[in-house]
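Asker: Next comes upload_17.txt, compact mmCIF, C-alpha atoms and all ligand atoms:
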```txt
# COMPACT_ATOMS: atom_id res chain seq x y z
CA MET A 1 19.54 -9.57 -11.55
CA ALA A 2 17.59 -12.14 -9.52
CA ASP A 3 14.51 -10.93 -7.59
CA ALA A 4 14.85 -11.00 -3.80
CA LEU A 5 12.76 -13.67 -2.03
CA ASP A 6 12.17 -13.98 1.71
CA LEU A 7 12.22 -17.15 3.84
CA PHE A 8 8.63 -17.94 2.77
CA GLY A 9 9.40 -17.34 -0.91
CA ARG A 10 7.65 -13.96 -0.94
CA PRO A 11 9.06 -11.51 -3.51
CA LEU A 12 9.79 -7.86 -2.71
CA ARG A 13 7.25 -6.19 -5.00
CA ASP A 14 6.05 -3.07 -3.15
CA LEU A 15 7.81 -0.35 -1.24
CA ARG A 16 5.91 2.18 0.87
CA ILE A 17 7.95 5.29 1.44
CA SER A 18 7.09 7.61 4.30
CA VAL A 19 8.30 11.11 3.49
CA THR A 20 7.36 12.73 6.81
CA ASP A 21 6.11 11.69 10.24
CA ARG A 22 4.08 14.92 10.49
CA CYS A 23 0.44 15.41 9.68
CA ASN A 24 -2.06 18.27 9.70
CA PHE A 25 -4.84 15.88 10.88
CA ARG A 26 -5.12 14.13 14.23
CA CYS A 27 -7.28 11.15 13.23
CA THR A 28 -8.32 9.56 16.48
CA TYR A 29 -7.35 6.06 15.30
CA CYS A 30 -3.90 7.14 14.09
CA MET A 31 -2.45 10.27 15.78
CA PRO A 32 -4.65 10.95 18.81
CA LYS A 33 -4.23 14.49 20.17
CA GLU A 34 -3.36 13.32 23.67
CA VAL A 35 -0.21 11.71 22.25
CA TYR A 36 0.54 13.92 19.24
CA GLY A 37 -0.12 17.24 20.98
CA ARG A 38 2.25 20.14 21.46
CA ASP A 39 4.93 18.16 23.31
CA HIS A 40 5.35 15.41 20.75
CA ARG A 41 8.83 15.25 19.26
CA PHE A 42 8.70 14.85 15.49
CA LEU A 43 11.78 14.14 13.38
CA ASP A 44 14.08 17.07 12.59
CA ARG A 45 14.48 18.05 8.96
CA LYS A 46 18.06 16.81 8.82
CA GLU A 47 16.97 13.40 10.05
CA LEU A 48 14.71 12.94 7.03
CA LEU A 49 16.07 11.27 3.92
CA SER A 50 16.53 13.85 1.16
CA PHE A 51 14.72 13.34 -2.15
CA GLU A 52 17.99 12.19 -3.72
CA GLU A 53 18.56 9.67 -0.90
CA ILE A 54 15.00 8.34 -1.21
CA THR A 55 15.38 7.97 -4.97
CA ARG A 56 18.65 6.09 -4.56
CA VAL A 57 17.14 3.66 -2.03
CA ALA A 58 14.01 3.20 -4.15
CA GLY A 59 16.22 2.48 -7.18
CA THR A 60 17.89 -0.31 -5.20
CA PHE A 61 14.47 -1.83 -4.49
CA VAL A 62 13.44 -1.61 -8.14
CA GLY A 63 16.65 -3.47 -8.99
CA LEU A 64 15.57 -6.25 -6.60
CA GLY A 65 12.15 -6.70 -8.23
CA THR A 66 9.99 -3.94 -6.71
CA ARG A 67 7.30 -2.79 -9.14
CA LYS A 68 5.24 -0.43 -7.06
CA LEU A 69 6.30 2.59 -5.00
CA ARG A 70 3.75 4.23 -2.71
CA ILE A 71 4.47 7.62 -1.12
CA THR A 72 2.87 8.05 2.26
CA GLY A 73 3.48 9.46 5.74
CA GLY A 74 2.30 11.15 8.07
CA GLU A 75 0.72 13.33 5.43
CA PRO A 76 2.98 13.26 2.36
CA LEU A 77 1.65 16.53 0.93
CA VAL A 78 2.92 18.48 3.96
CA ARG A 79 6.50 17.66 2.85
CA ARG A 80 7.60 20.71 0.90
CA ASP A 81 7.93 20.26 -2.89
CA VAL A 82 7.01 16.57 -2.73
CA GLU A 83 6.22 16.76 -6.48
CA HIS A 84 9.99 17.08 -7.06
CA LEU A 85 10.43 13.71 -5.38
CA ILE A 86 7.71 12.26 -7.63
CA GLU A 87 9.60 13.61 -10.64
CA GLN A 88 12.79 11.85 -9.53
CA LEU A 89 11.05 8.58 -8.65
CA ALA A 90 9.18 8.54 -11.96
CA THR A 91 12.50 7.95 -13.72
CA LEU A 92 12.75 4.50 -12.06
CA GLY A 93 9.92 3.06 -14.17
CA ALA A 94 7.87 1.52 -11.32
CA GLU A 95 4.18 2.23 -10.76
CA LEU A 96 4.08 5.33 -8.57
CA THR A 97 1.19 6.08 -6.20
CA LEU A 98 0.53 8.28 -3.19
CA THR A 99 -1.80 8.03 -0.18
CA THR A 100 -3.13 11.31 1.20
CA ASN A 101 -5.81 12.81 3.40
CA ALA A 102 -6.40 15.18 0.42
CA SER A 103 -6.46 18.32 2.55
CA LEU A 104 -3.82 19.91 0.29
CA LEU A 105 -4.65 17.97 -2.86
CA ALA A 106 -6.72 20.58 -4.70
CA ALA A 107 -3.64 22.81 -4.93
CA LYS A 108 -1.17 20.00 -5.71
CA ALA A 109 -3.01 17.56 -7.99
CA GLN A 110 -1.90 18.97 -11.33
CA ALA A 111 1.75 19.26 -10.25
CA LEU A 112 1.69 15.65 -9.00
CA ALA A 113 0.19 14.40 -12.26
CA ASP A 114 2.68 16.43 -14.32
CA ALA A 115 5.54 14.99 -12.24
CA GLY A 116 4.57 11.46 -13.27
CA LEU A 117 2.36 10.09 -10.48
CA SER A 118 0.41 7.06 -11.79
CA ARG A 119 -2.60 7.29 -9.45
CA ILE A 120 -3.66 8.38 -5.99
CA THR A 121 -5.43 6.97 -2.92
CA VAL A 122 -7.46 9.35 -0.77
CA SER A 123 -8.39 8.52 2.82
CA LEU A 124 -11.90 9.64 3.77
CA ASP A 125 -13.78 7.95 6.61
CA ALA A 126 -17.20 9.64 6.46
CA LEU A 127 -19.44 11.75 4.24
CA ASP A 128 -21.34 13.09 7.21
CA ASP A 129 -19.50 16.32 7.98
CA ALA A 130 -19.84 16.22 11.76
CA THR A 131 -18.58 12.61 11.91
CA PHE A 132 -15.61 13.39 9.67
CA ARG A 133 -14.65 16.52 11.62
CA ARG A 134 -14.72 14.49 14.85
CA LEU A 135 -12.59 11.73 13.33
CA ASN A 136 -9.86 13.99 11.89
CA ASP A 137 -10.08 16.00 15.12
CA VAL A 138 -8.94 19.24 13.46
CA ASP A 139 -12.42 20.22 12.29
CA PHE A 140 -11.59 19.61 8.62
CA PRO A 141 -14.71 19.55 6.38
CA VAL A 142 -15.64 16.73 3.96
CA ALA A 143 -16.26 19.25 1.16
CA ARG A 144 -12.56 20.14 0.90
CA VAL A 145 -11.55 16.49 0.62
CA LEU A 146 -14.08 16.09 -2.20
CA GLU A 147 -12.56 19.17 -3.90
CA GLY A 148 -9.18 17.42 -3.71
CA ILE A 149 -10.62 14.26 -5.26
CA ASP A 150 -12.20 16.28 -8.06
CA ALA A 151 -8.94 18.13 -8.73
CA ALA A 152 -7.06 14.82 -8.96
CA THR A 153 -9.65 13.45 -11.38
CA ALA A 154 -9.48 16.61 -13.46
CA ALA A 155 -5.68 16.24 -13.58
CA GLY A 156 -6.13 12.75 -15.03
CA LEU A 157 -5.17 10.80 -11.90
CA PRO A 158 -7.26 7.67 -11.20
CA VAL A 159 -8.53 7.93 -7.60
CA LYS A 160 -9.31 5.20 -5.06
CA VAL A 161 -10.84 6.06 -1.71
CA ASN A 162 -9.99 4.27 1.57
CA ALA A 163 -12.19 4.40 4.68
CA VAL A 164 -11.23 2.98 8.07
CA VAL A 165 -14.34 1.69 9.86
CA LYS A 166 -14.62 1.97 13.63
CA ARG A 167 -17.64 0.50 15.37
CA GLY A 168 -20.08 3.04 16.76
CA VAL A 169 -18.05 5.88 15.23
CA ASN A 170 -18.58 5.73 11.45
CA ASP A 171 -20.11 2.32 10.67
CA ASP A 172 -23.33 4.16 9.76
CA GLN A 173 -21.34 5.65 6.84
CA ILE A 174 -20.77 2.32 5.01
CA VAL A 175 -23.92 2.45 2.87
CA PRO A 176 -23.96 6.21 2.14
CA MET A 177 -20.27 6.18 1.18
CA ALA A 178 -20.67 3.13 -1.06
CA ALA A 179 -23.69 4.73 -2.77
CA PHE A 180 -21.84 8.03 -3.29
CA PHE A 181 -18.64 6.60 -4.78
CA ARG A 182 -20.49 3.98 -6.83
CA GLU A 183 -22.46 6.78 -8.45
CA ARG A 184 -19.20 8.62 -9.22
CA GLY A 185 -17.50 5.47 -10.59
CA GLN A 186 -14.68 5.63 -8.01
CA THR A 187 -13.51 2.53 -6.15
CA LEU A 188 -13.99 2.63 -2.41
CA ARG A 189 -12.27 0.24 0.00
CA PHE A 190 -13.25 -0.24 3.61
CA ILE A 191 -10.36 -0.97 5.99
CA GLU A 192 -10.69 -2.90 9.24
CA TYR A 193 -9.48 -0.79 12.15
CA MET A 194 -6.02 -2.19 13.01
CA ASP A 195 -3.98 -2.57 16.17
CA VAL A 196 -0.99 -0.68 14.80
CA GLY A 197 1.19 1.26 17.23
CA ASN A 198 0.41 1.65 20.90
CA THR A 199 -1.35 5.00 21.04
CA ASN A 200 -4.83 4.56 19.59
CA GLY A 201 -6.32 2.50 22.42
CA TRP A 202 -7.32 -0.26 19.99
CA ARG A 203 -9.85 -2.87 21.17
CA LEU A 204 -11.14 -5.82 19.17
CA ASP A 205 -14.70 -4.66 19.94
CA ASP A 206 -14.05 -1.51 17.88
CA VAL A 207 -13.34 -3.54 14.73
CA VAL A 208 -16.17 -4.05 12.25
CA PRO A 209 -15.18 -7.33 10.55
CA ALA A 210 -15.00 -7.19 6.76
CA ALA A 211 -17.58 -10.00 6.54
CA GLU A 212 -20.04 -7.73 8.33
CA ILE A 213 -19.19 -4.82 6.01
CA VAL A 214 -19.76 -7.04 2.97
CA ALA A 215 -23.08 -8.30 4.41
CA THR A 216 -24.18 -4.69 4.88
CA LEU A 217 -23.21 -3.86 1.28
CA ASP A 218 -24.92 -6.98 -0.03
CA ALA A 219 -28.15 -6.15 1.76
CA ALA A 220 -28.11 -2.60 0.40
CA PHE A 221 -26.90 -3.13 -3.18
CA GLY A 222 -26.21 -6.83 -3.92
CA VAL A 223 -22.51 -7.70 -4.33
CA GLU A 224 -20.52 -10.73 -5.51
CA PRO A 225 -16.78 -11.58 -5.18
CA VAL A 226 -14.19 -10.78 -7.87
CA ASP A 227 -10.96 -12.83 -8.13
CA ALA A 228 -7.80 -11.17 -6.81
CA GLY A 229 -6.00 -9.28 -9.56
CA TYR A 230 -2.47 -10.32 -8.54
CA ARG A 231 -0.47 -11.92 -5.75
CA GLY A 232 -0.21 -9.63 -2.76
CA GLU A 233 -3.30 -7.56 -3.58
CA VAL A 234 -4.40 -6.23 -0.21
CA ALA A 235 -8.07 -5.57 -0.92
CA GLN A 236 -10.68 -8.29 -1.33
CA ARG A 237 -12.69 -7.14 -4.33
CA TRP A 238 -16.48 -7.27 -4.68
CA ARG A 239 -18.58 -6.14 -7.63
CA TYR A 240 -22.05 -4.66 -7.57
CA ARG A 241 -24.39 -7.19 -9.16
CA ASP A 242 -25.96 -4.51 -11.34
CA GLY A 243 -22.59 -3.93 -13.06
CA SER A 244 -22.04 -0.50 -11.57
CA GLY A 245 -18.44 -1.09 -10.48
CA GLU A 246 -16.47 -2.49 -7.56
CA VAL A 247 -15.98 -2.02 -3.85
CA GLY A 248 -13.26 -3.55 -1.65
CA VAL A 249 -12.54 -4.57 1.91
CA ILE A 250 -9.13 -4.79 3.58
CA THR A 251 -9.29 -7.60 6.10
CA SER A 252 -6.00 -7.22 7.93
CA VAL A 253 -7.49 -8.15 11.31
CA THR A 254 -10.05 -10.88 10.63
CA GLN A 255 -8.40 -12.56 7.61
CA PRO A 256 -4.72 -11.61 7.60
CA PHE A 257 -2.91 -11.88 4.28
CA CYS A 258 0.68 -12.33 5.50
CA ALA A 259 1.26 -15.35 3.24
CA ASP A 260 1.05 -13.09 0.20
CA CYS A 261 2.67 -10.00 1.68
CA THR A 262 5.21 -8.55 -0.72
CA ARG A 263 5.60 -5.17 1.00
CA ALA A 264 8.45 -3.36 2.69
CA ARG A 265 8.27 0.03 4.35
CA LEU A 266 10.82 2.82 4.53
CA SER A 267 10.39 5.35 7.33
CA ALA A 268 11.05 9.05 6.76
CA GLU A 269 14.42 8.72 8.50
CA GLY A 270 15.45 5.80 6.33
CA LYS A 271 14.67 2.78 8.50
CA LEU A 272 13.52 -0.27 6.58
CA PHE A 273 10.67 -2.30 8.12
CA THR A 274 9.67 -5.66 6.68
CA CYS A 275 6.32 -5.70 8.49
CA LEU A 276 3.78 -3.12 9.69
CA PHE A 277 3.96 -4.78 13.09
CA ALA A 278 7.74 -4.84 13.33
CA VAL A 279 9.29 -3.32 16.42
CA ARG A 280 12.65 -2.42 14.93
CA GLY A 281 13.77 -1.12 11.54
CA ASN A 282 17.05 -1.55 9.69
CA ASP A 283 19.00 1.69 9.33
CA LEU A 284 19.53 2.27 5.60
CA ARG A 285 20.31 5.96 6.16
CA ALA A 286 23.49 5.01 8.02
CA LEU A 287 24.58 3.04 4.96
CA VAL A 288 23.63 5.77 2.49
CA ARG A 289 25.27 8.55 4.49
CA GLY A 290 28.21 6.32 5.40
CA GLY A 291 29.26 6.10 1.75
CA ALA A 292 28.01 2.59 0.86
CA SER A 293 28.34 1.75 -2.84
CA ASP A 294 25.28 0.80 -4.90
CA ALA A 295 26.34 -2.86 -4.73
CA GLU A 296 26.70 -2.70 -0.92
CA LEU A 297 23.32 -1.05 -0.54
CA GLU A 298 21.71 -3.67 -2.73
CA GLU A 299 23.38 -6.51 -0.84
CA ALA A 300 22.19 -5.06 2.47
CA VAL A 301 18.55 -4.85 1.31
CA ARG A 302 18.68 -8.32 -0.24
CA THR A 303 20.09 -9.75 3.02
CA ILE A 304 17.38 -8.05 5.13
CA TRP A 305 14.59 -9.25 2.81
CA SER A 306 15.91 -12.79 2.46
CA GLY A 307 15.99 -13.18 6.24
CA ARG A 308 12.38 -12.02 6.57
CA SER A 309 9.94 -14.35 8.28
CA ASP A 310 7.38 -11.82 9.61
CA ARG A 311 3.74 -12.82 9.70
CA TYR A 312 2.55 -10.86 12.71
CA SER A 313 -1.07 -10.46 11.65
CA GLU A 314 -1.48 -14.23 11.38
CA LEU A 315 0.01 -14.66 14.83
CA ARG A 316 -1.77 -11.58 16.12
CA SER A 317 -3.11 -12.34 19.56
CA ALA A 318 -0.16 -14.48 20.59
CA ALA A 319 2.56 -12.31 19.20
CA THR A 320 1.48 -8.67 18.98
CA THR A 321 0.02 -7.97 22.39
CA GLY A 322 2.53 -6.07 24.49
CA LEU A 323 4.92 -5.44 21.58
CA ASP A 324 6.34 -1.93 21.42
CA LYS A 325 5.06 -1.49 17.86
CA VAL A 326 5.86 1.44 15.58
CA GLU A 327 3.14 3.97 14.85
CA MET A 328 1.27 4.03 11.52
CA SER A 329 2.02 7.74 11.08
CA TYR A 330 5.75 6.97 11.38
CA ILE A 331 5.92 3.90 9.19
CA GLY A 332 3.32 5.06 6.70
CA GLY A 333 0.22 2.88 6.53
C1 LIG B 1 -1.06 6.54 8.07
S1 LIG B 1 -2.00 7.18 6.72
C2 LIG B 1 -0.75 8.11 5.84
C3 LIG B 1 -1.22 8.80 4.59
C4 LIG B 1 -2.21 9.95 4.74
N1 LIG B 1 -1.98 10.78 5.85
C5 LIG B 1 -3.62 9.40 4.77
O1 LIG B 1 -4.28 9.49 5.79
O2 LIG B 1 -4.02 8.87 3.73
C6 LIG B 1 -2.24 5.80 5.62
C7 LIG B 1 -3.51 5.03 5.81
O3 LIG B 1 -3.46 4.37 7.06
C8 LIG B 1 -4.77 4.31 7.57
N2 LIG B 1 -4.74 4.05 9.02
C9 LIG B 1 -4.17 4.80 9.99
N3 LIG B 1 -4.36 4.23 11.21
C10 LIG B 1 -5.05 3.08 10.99
C11 LIG B 1 -5.56 2.03 11.84
N4 LIG B 1 -5.39 2.05 13.15
N5 LIG B 1 -6.22 1.00 11.26
C12 LIG B 1 -6.41 0.96 9.92
N6 LIG B 1 -5.96 1.90 9.08
C13 LIG B 1 -5.30 2.95 9.59
C14 LIG B 1 -5.33 5.65 7.22
O4 LIG B 1 -6.72 5.68 7.23
C15 LIG B 1 -4.78 5.86 5.83
O5 LIG B 1 -5.67 5.37 4.86
S1 LIG B 2 -4.49 8.64 9.01
FE1 LIG B 2 -3.28 9.99 7.71
S2 LIG B 2 -4.40 11.93 7.94
FE2 LIG B 2 -5.05 10.72 9.65
S3 LIG B 2 -3.64 11.28 11.32
FE3 LIG B 2 -2.85 9.43 10.31
S4 LIG B 2 -1.37 10.22 8.89
FE4 LIG B 2 -2.72 11.92 9.43
```
Hey, can you dump this file as structure tokens for me?
Answerer:
Amino acid sequence: MADALDLFGRPLRDLRISVTDRCNFRCTYCMPKEVYGRDHRFLDRKELLSFEEITRVAGTFVGLGTRKLRITGGEPLVRRDVEHLIEQLATLGAELTLTTNASLLAAKAQALADAGLSRITVSLDALDDATFRRLNDVDFPVARVLEGIDAATAAGLPVKVNAVVKRGVNDDQIVPMAAFFRERGQTLRFIEYMDVGNTNGWRLDDVVPAAEIVATLDAAFGVEPVDAGYRGEVAQRWRYRDGSGEVGVITSVTQPFCADCTRARLSAEGKLFTCLFAVRGNDLRALVRGGASDAELEEAVRTIWSGRSDRYSELRSAATTGLDKVEMSYIGG
């Protein structure tokens, strides 16, 4: 079957699947407490796609050329028995990864590895305990995230670590974090703070541009660029000149990579978004629960993808200000 291509010739290679809009953290840049406090209405259980429904939709994507499935959220490990979903998705033959805050990872790592997860990405924004507790805003300690990382490594899962950098909040953590993960041989990627959603009070002044992050790393350790591994790779890769591994930066704000974007996103209630900055999703749950055949489901996804012309990050200032954008915790990072 022919791979799906969008209006700019971009193939549909990656699908990010949000399995819940809930999270046990309240990271200030993602789910600030003032918005996600007691009165916030999260999705009901029956609104969520079941594991069987997710696997069926993901199978459709694999049929259209998708090679990588990433489980995310909210916090994916708060969805009960998520390892059973991994087991089902593993049968599809795509690379299977998961992004987590690692708070529950120590207990789950072995089950996830046994279920067929290929690798894991852990989000950790500081090594300084006080800074990290302030950022997650639920007083969660760094040490328990590190225990989760160690458990994943012990279970045989390759680990990458992602850190969002916010000016004046954790930019003093760039060098200590790079030194720590370089020593451990684990790849760390720094992410520019993005203007996703409408709730985090984003300001351009809060963004530390990737070029500045790289300059900081170069001054501390000496780094040089590595060629991109494949089309659509989100991180710009840099290697330590002394041969001690790699570090990455994700430049979604200062150097958007829309031209190579091969990603679609499925929300926990089955809406398909063709861009992180999209306002509206396409309701695949209605099709799945309405009795659509496999061929109808595939045709619907192909039609949505082939009509895609999103490149919001490249248009950013003109096009994204004032949009009623979806939240990262809903659409899944
Ligand atoms: C929405 S989270 C979901 C998965 C999981 N809860 C976690 O934190 O890894 C996915 C990723 O999005 C990142 N993220 C959330 N809000 C962001 C923002 N405003 N700018 C850049 N990255 C953000 C998080 O740091 C995390 O690495
Ligand atoms: S970044 Fe992840 S851990 Fe933090 S609030 Fe958002 S979903 Fe939760």
Asker: Counting only C-alpha atoms and all ligand atoms, which residues of chain A fall within 9 Å of ligand LIG 2 (chain B), and what is the closest atom pair for each with its distance in Å at one decimal, ordered by chain and rising number, as JSON lines?
Answerer:
```
{"residue": "A:Asp21", "atom": "CA", "partner": "B:LIG2", "partner_atom": "S4", "distance": 7.7}
{"residue": "A:Arg22", "atom": "CA", "partner": "B:LIG2", "partner_atom": "S4", "distance": 7.4}
{"residue": "A:Cys23", "atom": "CA", "partner": "B:LIG2", "partner_atom": "FE4", "distance": 4.7}
{"residue": "A:Asn24", "atom": "CA", "partner": "B:LIG2", "partner_atom": "FE4", "distance": 6.4}
{"residue": "A:Phe25", "atom": "CA", "partner": "B:LIG2", "partner_atom": "FE4", "distance": 4.7}
{"residue": "A:Arg26", "atom": "CA", "partner": "B:LIG2", "partner_atom": "S3", "distance": 4.3}
{"residue": "A:Cys27", "atom": "CA", "partner": "B:LIG2", "partner_atom": "S3", "distance": 4.1}
{"residue": "A:Thr28", "atom": "CA", "partner": "B:LIG2", "partner_atom": "S3", "distance": 7.2}
{"residue": "A:Tyr29", "atom": "CA", "partner": "B:LIG2", "partner_atom": "S1", "distance": 7.4}
{"residue": "A:Cys30", "atom": "CA", "partner": "B:LIG2", "partner_atom": "FE3", "distance": 4.5}
{"residue": "A:Met31", "atom": "CA", "partner": "B:LIG2", "partner_atom": "S3", "distance": 4.7}
{"residue": "A:Pro32", "atom": "CA", "partner": "B:LIG2", "partner_atom": "S3", "distance": 7.6}
{"residue": "A:Thr72", "atom": "CA", "partner": "B:LIG2", "partner_atom": "S4", "distance": 8.2}
{"residue": "A:Gly73", "atom": "CA", "partner": "B:LIG2", "partner_atom": "S4", "distance": 5.8}
{"residue": "A:Gly74", "atom": "CA", "partner": "B:LIG2", "partner_atom": "S4", "distance": 3.9}
{"residue": "A:Glu75", "atom": "CA", "partner": "B:LIG2", "partner_atom": "S4", "distance": 5.1}
{"residue": "A:Pro76", "atom": "CA", "partner": "B:LIG2", "partner_atom": "S4", "distance": 8.4}
{"residue": "A:Thr99", "atom": "CA", "partner": "B:LIG2", "partner_atom": "FE1", "distance": 8.3}
{"residue": "A:Thr100", "atom": "CA", "partner": "B:LIG2", "partner_atom": "FE1", "distance": 6.6}
{"residue": "A:Asn101", "atom": "CA", "partner": "B:LIG2", "partner_atom": "S2", "distance": 4.8}
{"residue": "A:Ala102", "atom": "CA", "partner": "B:LIG2", "partner_atom": "S2", "distance": 8.4}
{"residue": "A:Ser103", "atom": "CA", "partner": "B:LIG2", "partner_atom": "S2", "distance": 8.6}
{"residue": "A:Ser123", "atom": "CA", "partner": "B:LIG2", "partner_atom": "FE1", "distance": 7.2}
{"residue": "A:Leu124", "atom": "CA", "partner": "B:LIG2", "partner_atom": "S2", "distance": 8.9}
{"residue": "A:Leu135", "atom": "CA", "partner": "B:LIG2", "partner_atom": "FE2", "distance": 8.5}
{"residue": "A:Asn136", "atom": "CA", "partner": "B:LIG2", "partner_atom": "FE2", "distance": 6.2}
{"residue": "A:Asp137", "atom": "CA", "partner": "B:LIG2", "partner_atom": "S3", "distance": 8.8}
{"residue": "A:Val164", "atom": "CA", "partner": "B:LIG2", "partner_atom": "S1", "distance": 8.9}
{"residue": "A:Met328", "atom": "CA", "partner": "B:LIG2", "partner_atom": "FE3", "distance": 6.9}
{"residue": "A:Ser329", "atom": "CA", "partner": "B:LIG2", "partner_atom": "S4", "distance": 4.7}
{"residue": "A:Tyr330", "atom": "CA", "partner": "B:LIG2", "partner_atom": "S4", "distance": 8.2}
{"residue": "A:Gly332", "atom": "CA", "partner": "B:LIG2", "partner_atom": "S4", "distance": 7.3}
{"residue": "A:Gly333", "atom": "CA", "partner": "B:LIG2", "partner_atom": "S1", "distance": 7.8}
```
Asker: When distances are computed from only C-alpha atoms and all ligand atoms, which of A:Arg241, A:Arg265, A:Arg10, A:Arg285 shows the smallest separation from ligand LIG 1 (chain B)?
Answerer: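 Checking each candidate against ligand LIG 1 (chain B), we get A:Arg265 as the closest.
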Asker: Quick one: residues within 10 Å of Arg184 (chain A), all atoms listed in the file counted, chain neighbours fewer than 5 positions away excluded, as a PyMOL selection string?
Answerer: chain A and resi 178-179+244-245
Asker: Need the shell around Val175 (chain A): protein/DNA/RNA residues with any atom at most 10 Å away, counting all atoms listed in the file. Skip same-chain ones fewer than 3 positions apart. Format as a list in words?
Answerer: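 Once the adjacent positions are removed, what remains is Asp171, Asp172, Ala178, Ala179, Phe180, Ile213, Thr216, Leu217, Asp218, Ala219, Ala220 and Phe221 of chain A.
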Asker: So which residues touch Glu147 (chain A) within 12 Å, counting only C-alpha atoms, skipping near sequence neighbours fewer than 6 positions away, as a VMD selection string?
Answerer: chain A and resid 101 to 109 122 141 153 to 154
Asker: Convert the current residue selection to file output with C-alpha atoms, as an mmCIF file, in the coordinates of the input.
Answerer:
```cif
data_model
loop_
_atom_site.group_PDB
_atom_site.id
_atom_site.type_symbol
_atom_site.label_atom_id
_atom_site.label_comp_id
_atom_site.auth_asym_id
_atom_site.auth_seq_id
_atom_site.Cartn_x
_atom_site.Cartn_y
_atom_site.Cartn_z
ATOM 1 C CA ASN A 101 -5.810 12.810 3.400
ATOM 2 C CA ALA A 102 -6.400 15.180 0.420
ATOM 3 C CA SER A 103 -6.460 18.320 2.550
ATOM 4 C CA LEU A 104 -3.820 19.910 0.290
ATOM 5 C CA LEU A 105 -4.650 17.970 -2.860
ATOM 6 C CA ALA A 106 -6.720 20.580 -4.700
ATOM 7 C CA ALA A 107 -3.640 22.810 -4.930
ATOM 8 C CA LYS A 108 -1.170 20.000 -5.710
ATOM 9 C CA ALA A 109 -3.010 17.560 -7.990
ATOM 10 C CA VAL A 122 -7.460 9.350 -0.770
ATOM 11 C CA PRO A 141 -14.710 19.550 6.380
ATOM 12 C CA THR A 153 -9.650 13.450 -11.380
ATOM 13 C CA ALA A 154 -9.480 16.610 -13.460
#
```
Asker: Build an axis-aligned box that encloses every atom of ligand LIG 1 (chain B) listed in the file, pad it by 5 Å on each side, and report its centre and edge lengths in Å to one decimal, as JSON.
Answerer:
```
{"center_x": -3.7, "center_y": 5.9, "center_z": 8.4, "size_x": 16.0, "size_y": 19.8, "size_z": 19.4}
```
Asker: Applying 7 Å and all atoms listed in the file, which residues near region 90-94 of chain A remain after dropping the ones on its own chain fewer than 2 positions away? List them as a PyMOL selection string.
Answerer: chain A and resi 59+67-69+86-88+96+116
